[in-house]
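Visitor: final_23.txt is reproduced below (compact mmCIF, C-alpha atoms and all ligand atoms).
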```
# COMPACT_ATOMS: atom_id res chain seq x y z
CA MET A 427 4.15 41.47 101.30
CA ALA A 428 4.81 40.78 97.65
CA GLY A 429 1.94 39.39 95.67
CA TYR A 430 0.94 38.76 92.10
CA TYR A 431 -2.33 38.30 90.27
CA LEU A 432 -3.85 34.90 89.56
CA ASN A 433 -6.68 34.31 87.14
CA PHE A 434 -8.90 31.25 87.51
CA THR A 435 -12.42 29.91 86.99
CA CYS A 436 -14.67 27.81 89.22
CA LEU A 437 -15.16 24.64 87.18
CA ASN A 438 -18.13 23.55 89.26
CA CYS A 439 -20.08 26.77 88.73
CA ASN A 440 -19.14 26.88 85.08
CA GLU A 441 -20.43 23.38 84.51
CA LYS A 442 -23.70 24.32 86.20
CA ALA A 443 -23.96 27.52 84.16
CA LEU A 444 -23.39 25.62 80.93
CA SER A 445 -26.08 23.05 81.69
CA THR A 446 -28.63 25.68 82.72
CA LYS A 447 -30.40 27.72 80.11
CA GLY A 448 -30.11 31.47 80.27
CA CYS A 449 -26.88 31.55 82.19
CA GLU A 450 -24.62 32.46 79.30
CA ASN A 451 -23.55 35.67 80.93
CA GLU A 452 -22.74 34.21 84.27
CA ILE A 453 -19.18 34.99 85.25
CA ASN A 454 -17.39 32.45 87.37
CA SER A 455 -13.89 33.70 86.79
CA TYR A 456 -11.90 35.49 89.41
CA ILE A 457 -8.72 37.52 89.48
CA VAL A 458 -7.18 37.58 92.92
CA LYS A 459 -3.88 38.52 94.44
CA ASN A 460 -1.73 35.65 95.65
CA TYR A 461 1.07 35.97 98.20
CA ASP A 462 2.49 32.47 98.19
CA MET A 463 6.00 32.16 96.73
CA ASP A 464 5.47 28.50 95.82
CA GLY A 465 2.52 29.59 93.75
CA MET A 466 -0.29 27.92 95.66
CA LEU A 467 -3.59 29.56 96.49
CA GLN A 468 -6.46 28.02 98.40
CA VAL A 469 -9.81 29.74 98.04
CA VAL A 470 -13.48 29.01 98.56
CA CYS A 471 -15.73 29.69 95.61
CA PRO A 472 -18.10 32.47 96.76
CA LYS A 473 -20.96 30.91 94.81
CA CYS A 474 -20.83 27.17 95.44
CA ASN A 475 -18.50 27.07 98.47
CA GLU A 476 -16.28 24.47 96.88
CA ILE A 477 -12.59 24.62 97.77
CA ILE A 478 -10.40 25.54 94.82
CA ILE A 479 -6.65 25.00 94.87
CA VAL A 480 -5.00 27.16 92.27
CA VAL A 481 -1.45 26.13 91.42
CA ASN A 482 0.69 28.64 89.62
CA GLN A 483 2.81 26.44 87.39
CA CYS A 484 5.52 28.98 86.87
CA LEU A 485 8.89 28.04 88.31
CA GLN A 486 9.82 29.44 91.69
CA PHE A 487 12.51 31.75 90.35
CA GLU A 488 9.98 33.18 87.91
CA ILE A 489 7.44 33.81 90.67
CA CYS A 490 10.12 35.46 92.85
CA LEU A 491 11.21 37.66 89.97
CA GLN A 492 7.60 38.65 89.33
CA CYS A 493 7.17 39.54 93.02
CA ALA A 494 10.46 41.48 93.05
CA ILE A 495 9.13 43.57 90.18
CA GLU A 496 5.83 44.13 91.97
CA ARG A 497 7.73 45.37 95.04
CA PHE A 498 9.86 47.61 92.87
CA LEU A 499 6.72 49.11 91.36
CA THR A 500 5.44 50.01 94.85
CA ASN A 501 8.82 51.60 95.72
CA ASP A 502 9.71 48.92 98.26
CA TYR A 503 13.31 48.68 97.10
CA ALA A 504 14.74 46.70 100.01
CA GLU A 505 12.16 43.91 99.62
CA SER A 506 12.71 43.99 95.87
CA VAL A 507 16.45 43.34 96.39
CA PHE A 508 15.73 40.38 98.70
CA LEU A 509 13.29 38.87 96.23
CA LEU A 510 15.71 39.33 93.33
CA ALA A 511 18.39 37.54 95.35
CA LYS A 512 15.91 34.77 96.20
CA SER A 513 15.02 34.46 92.54
CA LYS A 514 18.69 34.08 91.63
CA GLU A 515 19.25 31.38 94.27
CA SER A 516 16.19 29.52 93.12
CA PHE A 517 17.34 29.78 89.50
CA VAL A 518 20.78 28.37 90.34
CA GLU A 519 19.13 25.39 92.08
CA PHE A 520 16.85 24.89 89.10
CA VAL A 521 19.79 24.76 86.66
CA ILE A 522 21.81 22.36 88.85
CA ASP A 523 18.78 20.06 89.07
CA LEU A 524 18.26 20.28 85.32
CA LEU A 525 21.90 19.35 84.58
CA CYS A 526 21.59 16.37 86.93
CA TYR A 527 18.29 15.41 85.33
CA GLU A 528 19.96 15.41 81.91
CA LYS A 529 22.48 12.92 83.28
CA GLY A 530 19.64 10.80 84.64
CA LYS A 531 20.73 11.54 88.22
CA LYS A 532 19.30 13.34 91.18
CA PHE A 533 21.62 15.33 93.41
CA ASP A 534 20.19 16.45 96.73
CA LEU A 535 21.93 19.75 97.47
CA TYR A 536 20.80 19.85 101.09
CA LYS A 537 21.59 16.24 101.95
CA ASN A 538 25.05 16.57 100.42
CA GLY A 539 25.99 19.71 102.30
CA VAL A 540 25.67 22.09 99.35
CA HIS A 541 23.07 24.17 101.14
CA ARG A 542 24.89 27.46 101.72
CA SER A 543 24.67 29.82 98.80
CA GLU A 544 28.44 30.20 98.19
CA ARG A 545 28.83 26.40 98.01
CA ARG A 546 25.85 26.17 95.74
CA TYR A 547 27.29 28.85 93.47
CA GLY A 548 30.61 26.98 93.37
CA PHE A 549 28.82 23.78 92.49
CA PHE A 550 26.85 25.63 89.83
CA VAL A 551 29.89 27.28 88.21
CA ALA A 552 31.73 23.94 88.06
CA SER A 553 28.74 21.99 86.70
CA TYR A 554 28.01 24.72 84.18
CA PHE A 555 31.61 24.72 82.95
CA MET A 556 31.69 20.92 82.67
CA ARG A 557 28.44 20.85 80.71
CA PHE A 558 28.77 23.89 78.45
CA GLY A 559 32.51 24.57 78.46
CA ASP A 560 31.63 28.11 79.38
CA ILE A 561 32.88 30.11 82.35
CA ILE A 562 30.65 32.09 84.67
CA ASN A 563 32.65 34.26 87.02
CA MET A 564 31.72 33.58 90.65
CA ARG A 565 32.06 37.31 91.32
CA LEU A 566 29.07 37.88 89.07
CA LEU A 567 26.99 35.62 91.30
CA ASP A 568 28.22 37.30 94.47
CA SER A 569 27.81 40.83 93.16
CA ASP A 570 24.75 41.53 95.28
CA ALA A 571 26.27 40.33 98.56
CA LYS A 572 27.48 43.81 99.53
CA LEU A 573 24.16 45.40 98.68
CA ARG A 574 22.27 42.81 100.74
CA ASN A 575 24.65 43.10 103.69
CA ASP A 576 24.37 46.88 103.64
CA ILE A 577 20.58 46.57 103.79
CA ILE A 578 20.49 43.90 106.49
CA HIS A 579 23.39 44.91 108.75
CA ASN A 580 23.90 48.60 108.14
CA GLY A 581 20.31 49.68 107.65
CA VAL A 582 21.10 51.15 104.25
CA TYR A 583 18.04 51.71 102.10
CA PRO A 584 18.80 50.90 98.45
CA LYS A 585 18.40 53.58 95.84
CA LYS A 586 16.11 53.00 92.88
CA GLN A 587 19.06 52.88 90.48
CA GLN A 588 20.83 50.25 92.61
CA VAL A 589 17.81 47.95 92.33
CA ILE A 590 17.65 48.53 88.58
CA ASP A 591 21.35 47.71 88.21
CA PHE A 592 20.97 44.61 90.35
CA GLY A 593 17.86 43.57 88.39
CA ASN A 594 19.70 44.03 85.10
CA SER A 595 22.69 41.97 86.21
CA ILE A 596 20.39 39.14 87.33
CA LEU A 597 18.42 39.23 84.09
CA GLN A 598 21.62 39.15 82.04
CA PHE A 599 22.72 36.13 84.02
CA PHE A 600 19.34 34.41 83.50
CA TYR A 601 19.28 35.15 79.78
CA LYS A 602 22.83 33.93 79.27
CA VAL A 603 22.15 30.62 81.01
CA ILE A 604 18.68 30.14 79.50
CA ASP A 605 20.13 30.76 76.02
CA LYS A 606 22.75 28.09 76.68
CA ILE A 607 20.11 25.66 77.94
CA LYS A 608 17.92 26.27 74.90
CA SER A 609 20.78 25.96 72.42
CA ASP A 610 22.79 23.09 73.95
CA ILE A 611 20.29 20.88 75.75
CA PRO A 612 17.76 19.04 73.54
CA THR A 613 14.37 20.75 73.76
CA ASP A 614 12.57 17.57 74.78
CA VAL A 615 14.97 17.12 77.71
CA TYR A 616 14.60 20.56 79.30
CA MET A 617 10.89 20.79 78.51
CA ARG A 618 10.33 17.37 80.05
CA TYR A 619 12.18 18.57 83.13
CA VAL A 620 10.21 21.83 83.38
CA HIS A 621 6.97 19.88 82.99
CA SER A 622 8.04 17.34 85.60
CA ILE A 623 8.51 20.14 88.15
CA LYS A 624 5.13 21.58 87.27
CA GLN A 625 3.42 18.20 87.39
CA GLY A 626 5.18 17.44 90.69
CA LYS A 627 3.69 20.59 92.15
CA ILE A 628 0.16 19.61 91.10
CA ASP A 629 0.59 16.02 92.33
CA THR A 630 1.74 17.29 95.72
CA TYR A 631 -1.40 19.36 96.17
CA LYS A 632 -3.67 16.62 94.86
CA GLN A 633 -2.07 14.30 97.40
CA THR A 634 -2.39 16.84 100.23
CA PHE A 635 -6.08 17.40 99.64
CA LYS A 636 -6.99 13.93 98.44
CA ASP A 637 -9.65 13.31 101.10
CA LYS A 638 -11.44 16.57 100.50
CA LYS A 639 -13.68 17.57 97.68
CA VAL A 640 -11.49 20.11 95.99
CA GLN A 641 -10.76 21.36 92.53
CA VAL A 642 -7.08 21.55 91.69
CA GLN A 643 -6.48 24.00 88.90
CA THR A 644 -3.36 25.17 87.18
CA VAL A 645 -2.47 28.56 85.82
CA SER A 646 0.74 30.13 84.54
CA ASP A 647 0.40 33.67 85.80
CA ALA A 648 3.93 35.03 86.09
CA ILE A 649 6.96 35.67 83.96
CA ASP A 650 7.44 32.43 82.06
CA PHE A 651 10.82 31.92 80.38
CA PHE A 652 10.44 28.36 79.15
CA THR A 653 6.94 27.44 78.04
CA ARG A 654 5.96 30.81 76.67
CA ASN A 655 8.05 32.68 74.18
CA ILE A 656 9.32 35.49 76.33
CA ASP A 657 11.63 37.80 74.50
CA CYS A 658 14.85 37.12 76.35
CA ASP A 659 16.55 40.47 76.08
CA GLU A 660 14.39 42.88 78.03
CA GLY A 661 16.09 44.94 80.69
CA PHE A 662 14.71 45.20 84.22
CA GLU A 663 12.92 48.49 83.68
CA LYS A 664 11.27 47.28 80.47
CA LEU A 665 10.09 44.12 82.22
CA CYS A 666 8.73 46.29 85.04
CA SER A 667 6.77 48.45 82.63
CA ILE A 668 5.28 45.37 80.91
CA ILE A 669 4.15 43.97 84.25
CA GLU A 670 2.89 47.34 85.43
CA GLU A 671 0.68 47.54 82.36
CA ASP A 672 -0.61 43.97 82.90
CA ASN A 673 -1.32 44.70 86.54
CA ARG A 674 -3.24 47.86 85.76
CA MET A 675 -5.67 45.82 83.68
CA LEU A 676 -5.86 42.93 86.14
CA ALA A 677 -6.38 45.23 89.14
CA VAL A 678 -9.55 46.64 87.56
CA HIS A 679 -11.10 43.17 87.44
CA SER A 680 -9.58 41.71 90.56
CA ILE A 681 -11.87 40.49 93.29
CA ASP A 682 -11.33 40.39 97.02
CA LEU A 683 -12.59 36.84 97.56
CA GLU A 684 -12.04 37.05 101.32
CA ALA A 685 -14.33 40.07 101.59
CA LEU A 686 -16.85 38.44 99.29
CA ASN A 687 -16.92 35.31 101.45
CA ARG A 688 -17.24 37.39 104.62
CA LYS A 689 -20.15 39.30 103.15
CA ARG A 690 -21.83 36.09 102.12
CA ARG A 691 -21.54 34.58 105.58
CA GLN A 692 -23.19 37.58 107.26
ZN ZN B 701 -18.15 27.64 92.31
```
If you took the structure in this file and wrote it as structure tokens, what would it be?
Guide:
Amino acid sequence: MAGYYLNFTCLNCNEKALSTKGCENEINSYIVKNYDMDGMLQVVCPKCNEIIIVVNQCLQFEICLQCAIERFLTNDYAESVFLLAKSKESFVEFVIDLLCYEKGKKFDLYKNGVHRSERRYGFFVASYFMRFGDIINMRLLDSDAKLRNDIIHNGVYPKKQQVIDFGNSILQFFYKVIDKIKSDIPTDVYMRYVHSIKQGKIDTYKQTFKDKKVQVQTVSDAIDFFTRNIDCDEGFEKLCSIIEEDNRMLAVHSIDLEALNRKRRQ
């Protein structure tokens, strides 16, 4: 399973530590591995037993890309290809939604029969052309279909270089579109949209757990193309090495909260 590190603090314990003398060195921060593609993690604080909902505010395509890289780093190339493809699909949906948002409209892809990926890609290419006057070749979007089919139907295991090539083509596609968004769509419009997705995520969880005493916290622990200034020209391997380095540091401090809770209950 693909996971990524999340870094958060128990607000309850921190408040207590701050109001109590001599607790300056108390650490109530945790680094744990999360496996949820929507970016949600539900944990119990090992100290105060309060439920903490950690919401990773990164967009879904960013989380999928992060997980694809993590799989690549553990030599699970087939899973890495699937996650890269999922990231691309999620990105395409994100851009369609953004273009509709700019027009002040909402277009439900699923309700309107644009659920299959080839239809969605067609819709994307047309919308993109109408908005930016720029052509994206559909073949570019379909380029991974053969690779995926070979893996699923013919049991072919992808080679490392094939994943790198696929990763590079996806990143080039992302960078091209993100550059267009940043140059042609007013900053306040796309930032408002990105924030509305993030806020929507938090509101959903607040709503879900509204009857329970929980802390809902937000973090942005993945590749973040919009709110942080990520240098938008790194190739797949460079991005992998950056994340590998980050992970090495995080892994040292990461905590197995499950094990900690089990130990506490004994
Ligand atoms: Zn706590």
Visitor: Residues of region 510-568 of chain A within 12 Å of region 616-623 of chain A: nearest atom pair and distance (Å, one decimal) for each, counting all atoms listed in the file, sorted by chain and number, as a Markdown table?
Guide:
```
| residue | atom | partner | partner_atom | distance |
| --- | --- | --- | --- | --- |
| A:Phe520 | CA | A:Val620 | CA | 9.3 |
| A:Val521 | CA | A:Tyr616 | CA | 9.9 |
| A:Ile522 | CA | A:Tyr619 | CA | 11.8 |
| A:Asp523 | CA | A:Tyr619 | CA | 9.0 |
| A:Leu524 | CA | A:Tyr619 | CA | 6.7 |
| A:Leu525 | CA | A:Tyr616 | CA | 9.1 |
| A:Cys526 | CA | A:Tyr619 | CA | 10.4 |
| A:Tyr527 | CA | A:Tyr619 | CA | 7.2 |
| A:Glu528 | CA | A:Tyr616 | CA | 7.9 |
| A:Lys529 | CA | A:Tyr616 | CA | 11.7 |
| A:Gly530 | CA | A:Tyr619 | CA | 10.9 |
| A:Lys532 | CA | A:Tyr619 | CA | 12.0 |
```
Visitor: For those residues, write C-alpha atoms to a file as a PDB file, in the coordinates of the input.
Guide:
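File result_29.pdb, as written:
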```pdb
ATOM      1  CA  PHE A 520      16.850  24.890  89.100  1.00  0.00           C
ATOM      2  CA  VAL A 521      19.790  24.760  86.660  1.00  0.00           C
ATOM      3  CA  ILE A 522      21.810  22.360  88.850  1.00  0.00           C
ATOM      4  CA  ASP A 523      18.780  20.060  89.070  1.00  0.00           C
ATOM      5  CA  LEU A 524      18.260  20.280  85.320  1.00  0.00           C
ATOM      6  CA  LEU A 525      21.900  19.350  84.580  1.00  0.00           C
ATOM      7  CA  CYS A 526      21.590  16.370  86.930  1.00  0.00           C
ATOM      8  CA  TYR A 527      18.290  15.410  85.330  1.00  0.00           C
ATOM      9  CA  GLU A 528      19.960  15.410  81.910  1.00  0.00           C
ATOM     10  CA  LYS A 529      22.480  12.920  83.280  1.00  0.00           C
ATOM     11  CA  GLY A 530      19.640  10.800  84.640  1.00  0.00           C
ATOM     12  CA  LYS A 532      19.300  13.340  91.180  1.00  0.00           C
TER      13      LYS A 532
END
```
Visitor: Show me which residues are within 9 Å of ligand ZN 701 (chain B) counting all atoms listed in the file, and format the list as a list in words.
Guide: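 The residues near ligand ZN 701 (chain B) are Thr435, Cys436, Leu437, Asn438, Cys439, Asn440, Lys442, Asn454, Val470, Cys471, Pro472, Lys473, Cys474, Asn475, Glu476, Ile477 and Ile478 of chain A.
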Visitor: Rank nothing, just name the residue among A:Lys627, A:Lys632, A:Phe652, A:Asp591 nearest to Asp614 (chain A), using all atoms listed in the file.
Guide: A:Phe652
Visitor: Using all atoms listed in the file, which residue out of A:Glu671, A:Glu684, A:Asp650, A:Asp502 lies closest to Asn482 (chain A)?
Guide: A:Asp650
Visitor: Compare A:Met556, A:Lys689, A:Glu663, A:Glu505 by their minimum atom-to-atom distance to Tyr583 (chain A), counting all atoms listed in the file, and give me the closest one.
Guide: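 Ranked by minimum distance to Tyr583 (chain A), first place goes to A:Glu505.
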Visitor: Could you please determine the separation between CA of Leu676 (chain A) and CA of Leu597 (chain A) in Å, to one decimal place?
Guide: 24.6 Å
Visitor: Which polymer residues, whether protein, DNA or RNA, lie within 9 Å of the coordinate (12.1, 40.5, 95.0) when you count all atoms listed in the file? List them as a PDB file with C-alpha atoms, in the coordinates of the input, using the chain letters and numbers from the file.
Guide:
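Everything below was put into result-v2.pdb:
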```pdb
ATOM      1  CA  ALA A 428       4.810  40.780  97.650  1.00  0.00           C
ATOM      2  CA  CYS A 490      10.120  35.460  92.850  1.00  0.00           C
ATOM      3  CA  LEU A 491      11.210  37.660  89.970  1.00  0.00           C
ATOM      4  CA  GLN A 492       7.600  38.650  89.330  1.00  0.00           C
ATOM      5  CA  CYS A 493       7.170  39.540  93.020  1.00  0.00           C
ATOM      6  CA  ALA A 494      10.460  41.480  93.050  1.00  0.00           C
ATOM      7  CA  ILE A 495       9.130  43.570  90.180  1.00  0.00           C
ATOM      8  CA  GLU A 496       5.830  44.130  91.970  1.00  0.00           C
ATOM      9  CA  ARG A 497       7.730  45.370  95.040  1.00  0.00           C
ATOM     10  CA  PHE A 498       9.860  47.610  92.870  1.00  0.00           C
ATOM     11  CA  TYR A 503      13.310  48.680  97.100  1.00  0.00           C
ATOM     12  CA  ALA A 504      14.740  46.700 100.010  1.00  0.00           C
ATOM     13  CA  GLU A 505      12.160  43.910  99.620  1.00  0.00           C
ATOM     14  CA  SER A 506      12.710  43.990  95.870  1.00  0.00           C
ATOM     15  CA  VAL A 507      16.450  43.340  96.390  1.00  0.00           C
ATOM     16  CA  PHE A 508      15.730  40.380  98.700  1.00  0.00           C
ATOM     17  CA  LEU A 509      13.290  38.870  96.230  1.00  0.00           C
ATOM     18  CA  LEU A 510      15.710  39.330  93.330  1.00  0.00           C
ATOM     19  CA  ALA A 511      18.390  37.540  95.350  1.00  0.00           C
ATOM     20  CA  LYS A 512      15.910  34.770  96.200  1.00  0.00           C
ATOM     21  CA  SER A 513      15.020  34.460  92.540  1.00  0.00           C
TER      22      SER A 513
END
```
Visitor: Do you have the CA of Asp629 (chain A)-CA of Gly429 (chain A) distance handy?
Guide: 23.6 Å
Visitor: My list of candidates is A:Asp682, A:Asp576, A:Asp534, A:Asp568. Which is closest to Ile596 (chain A) when distances are computed with all atoms listed in the file?
Guide: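 Nearest candidate to Ile596 (chain A) out of A:Asp682, A:Asp576, A:Asp534, A:Asp568: A:Asp568.
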Visitor: At what distance in Å, to one decimal, does CA of Leu467 (chain A) lie from CA of Val645 (chain A)?
Guide: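 So the two atoms, CA of Val645 (chain A) and CA of Leu467 (chain A), lie 10.8 Å apart.
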Visitor: Name the closest residue to Lys606 (chain A) among the candidates A:Phe635, A:Phe558, A:Phe434, A:Phe517; distances are taken between atoms, counting all atoms listed in the file.
Guide: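 For Lys606 (chain A), the nearest of the candidates is A:Phe558.
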Visitor: In terms of the shortest atom-to-atom distance over all atoms listed in the file, which of A:Asn575, A:Gln587, A:Asn687, A:Gln598 is closest to Asn501 (chain A)?
Guide: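 Closest candidate: A:Gln587.
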Visitor: For Ala552 (chain A), list every protein, DNA or RNA residue within 12 Å, evaluated using all atoms listed in the file, and leave out those in the same chain fewer than 3 positions away; present the list as a ChimeraX atom specification.
Guide: /A:522,525,545-549,555-564
Visitor: Using the incomplete input, complete region 545-574 of chain A to the level of N, CA and C atoms; output as a PDB file, keeping the file's coordinate frame.
Guide:
```
ATOM      1  N   ARG A 545      28.512  27.768  98.468  1.00  0.00           N
ATOM      2  CA  ARG A 545      28.830  26.400  98.010  1.00  0.00           C
ATOM      3  C   ARG A 545      27.993  26.049  96.783  1.00  0.00           C
ATOM      4  N   ARG A 546      26.746  26.457  96.860  1.00  0.00           N
ATOM      5  CA  ARG A 546      25.850  26.170  95.740  1.00  0.00           C
ATOM      6  C   ARG A 546      26.331  26.869  94.466  1.00  0.00           C
ATOM      7  N   TYR A 547      26.783  28.119  94.633  1.00  0.00           N
ATOM      8  CA  TYR A 547      27.290  28.850  93.470  1.00  0.00           C
ATOM      9  C   TYR A 547      28.538  28.172  92.908  1.00  0.00           C
ATOM     10  N   GLY A 548      29.404  27.692  93.816  1.00  0.00           N
ATOM     11  CA  GLY A 548      30.610  26.980  93.370  1.00  0.00           C
ATOM     12  C   GLY A 548      30.246  25.733  92.595  1.00  0.00           C
ATOM     13  N   PHE A 549      29.297  24.997  93.134  1.00  0.00           N
ATOM     14  CA  PHE A 549      28.820  23.780  92.490  1.00  0.00           C
ATOM     15  C   PHE A 549      28.223  24.119  91.115  1.00  0.00           C
ATOM     16  N   PHE A 550      27.478  25.198  91.085  1.00  0.00           N
ATOM     17  CA  PHE A 550      26.850  25.630  89.830  1.00  0.00           C
ATOM     18  C   PHE A 550      27.893  25.986  88.777  1.00  0.00           C
ATOM     19  N   VAL A 551      28.868  26.818  89.163  1.00  0.00           N
ATOM     20  CA  VAL A 551      29.890  27.280  88.210  1.00  0.00           C
ATOM     21  C   VAL A 551      30.654  26.084  87.638  1.00  0.00           C
ATOM     22  N   ALA A 552      30.997  25.124  88.518  1.00  0.00           N
ATOM     23  CA  ALA A 552      31.730  23.940  88.060  1.00  0.00           C
ATOM     24  C   ALA A 552      30.866  23.081  87.122  1.00  0.00           C
ATOM     25  N   SER A 553      29.625  22.820  87.530  1.00  0.00           N
ATOM     26  CA  SER A 553      28.740  21.990  86.700  1.00  0.00           C
ATOM     27  C   SER A 553      28.491  22.654  85.345  1.00  0.00           C
ATOM     28  N   TYR A 554      28.301  23.965  85.398  1.00  0.00           N
ATOM     29  CA  TYR A 554      28.010  24.720  84.180  1.00  0.00           C
ATOM     30  C   TYR A 554      29.200  24.648  83.216  1.00  0.00           C
ATOM     31  N   PHE A 555      30.403  24.788  83.773  1.00  0.00           N
ATOM     32  CA  PHE A 555      31.610  24.720  82.950  1.00  0.00           C
ATOM     33  C   PHE A 555      31.769  23.328  82.350  1.00  0.00           C
ATOM     34  N   MET A 556      31.545  22.296  83.151  1.00  0.00           N
ATOM     35  CA  MET A 556      31.690  20.920  82.670  1.00  0.00           C
ATOM     36  C   MET A 556      30.678  20.608  81.564  1.00  0.00           C
ATOM     37  N   ARG A 557      29.484  21.161  81.688  1.00  0.00           N
ATOM     38  CA  ARG A 557      28.440  20.850  80.710  1.00  0.00           C
ATOM     39  C   ARG A 557      28.563  21.687  79.434  1.00  0.00           C
ATOM     40  N   PHE A 558      28.806  23.006  79.619  1.00  0.00           N
ATOM     41  CA  PHE A 558      28.770  23.890  78.450  1.00  0.00           C
ATOM     42  C   PHE A 558      30.141  24.387  78.003  1.00  0.00           C
ATOM     43  N   GLY A 559      31.174  24.091  78.788  1.00  0.00           N
ATOM     44  CA  GLY A 559      32.510  24.570  78.460  1.00  0.00           C
ATOM     45  C   GLY A 559      32.605  26.086  78.518  1.00  0.00           C
ATOM     46  N   ASP A 560      31.740  26.663  79.325  1.00  0.00           N
ATOM     47  CA  ASP A 560      31.630  28.110  79.380  1.00  0.00           C
ATOM     48  C   ASP A 560      31.827  28.572  80.825  1.00  0.00           C
ATOM     49  N   ILE A 561      32.558  29.667  80.984  1.00  0.00           N
ATOM     50  CA  ILE A 561      32.880  30.110  82.350  1.00  0.00           C
ATOM     51  C   ILE A 561      31.928  31.206  82.814  1.00  0.00           C
ATOM     52  N   ILE A 562      31.404  31.007  84.027  1.00  0.00           N
ATOM     53  CA  ILE A 562      30.650  32.090  84.670  1.00  0.00           C
ATOM     54  C   ILE A 562      31.466  32.504  85.880  1.00  0.00           C
ATOM     55  N   ASN A 563      31.818  33.769  85.922  1.00  0.00           N
ATOM     56  CA  ASN A 563      32.650  34.260  87.020  1.00  0.00           C
ATOM     57  C   ASN A 563      31.838  34.264  88.321  1.00  0.00           C
ATOM     58  N   MET A 564      32.390  33.631  89.348  1.00  0.00           N
ATOM     59  CA  MET A 564      31.720  33.580  90.650  1.00  0.00           C
ATOM     60  C   MET A 564      31.408  34.975  91.179  1.00  0.00           C
ATOM     61  N   ARG A 565      32.270  35.946  90.817  1.00  0.00           N
ATOM     62  CA  ARG A 565      32.060  37.310  91.320  1.00  0.00           C
ATOM     63  C   ARG A 565      30.734  37.880  90.827  1.00  0.00           C
ATOM     64  N   LEU A 566      30.346  37.430  89.632  1.00  0.00           N
ATOM     65  CA  LEU A 566      29.070  37.880  89.070  1.00  0.00           C
ATOM     66  C   LEU A 566      27.913  37.415  89.955  1.00  0.00           C
ATOM     67  N   LEU A 567      28.042  36.174  90.460  1.00  0.00           N
ATOM     68  CA  LEU A 567      26.990  35.620  91.300  1.00  0.00           C
ATOM     69  C   LEU A 567      26.971  36.253  92.689  1.00  0.00           C
ATOM     70  N   ASP A 568      28.130  36.715  93.136  1.00  0.00           N
ATOM     71  CA  ASP A 568      28.220  37.300  94.470  1.00  0.00           C
ATOM     72  C   ASP A 568      28.018  38.813  94.474  1.00  0.00           C
ATOM     73  N   SER A 569      27.783  39.372  93.289  1.00  0.00           N
ATOM     74  CA  SER A 569      27.810  40.830  93.160  1.00  0.00           C
ATOM     75  C   SER A 569      26.825  41.554  94.074  1.00  0.00           C
ATOM     76  N   ASP A 570      25.763  40.860  94.467  1.00  0.00           N
ATOM     77  CA  ASP A 570      24.750  41.530  95.280  1.00  0.00           C
ATOM     78  C   ASP A 570      25.018  41.397  96.779  1.00  0.00           C
ATOM     79  N   ALA A 571      26.041  40.602  97.141  1.00  0.00           N
ATOM     80  CA  ALA A 571      26.270  40.330  98.560  1.00  0.00           C
ATOM     81  C   ALA A 571      26.454  41.619  99.365  1.00  0.00           C
ATOM     82  N   LYS A 572      27.222  42.566  98.808  1.00  0.00           N
ATOM     83  CA  LYS A 572      27.480  43.810  99.530  1.00  0.00           C
ATOM     84  C   LYS A 572      26.180  44.602  99.703  1.00  0.00           C
ATOM     85  N   LEU A 573      25.425  44.658  98.633  1.00  0.00           N
ATOM     86  CA  LEU A 573      24.160  45.400  98.680  1.00  0.00           C
ATOM     87  C   LEU A 573      23.230  44.801  99.755  1.00  0.00           C
ATOM     88  N   ARG A 574      23.139  43.470  99.753  1.00  0.00           N
ATOM     89  CA  ARG A 574      22.270  42.810 100.740  1.00  0.00           C
ATOM     90  C   ARG A 574      22.777  43.028 102.162  1.00  0.00           C
TER      91      ARG A 574
END
```
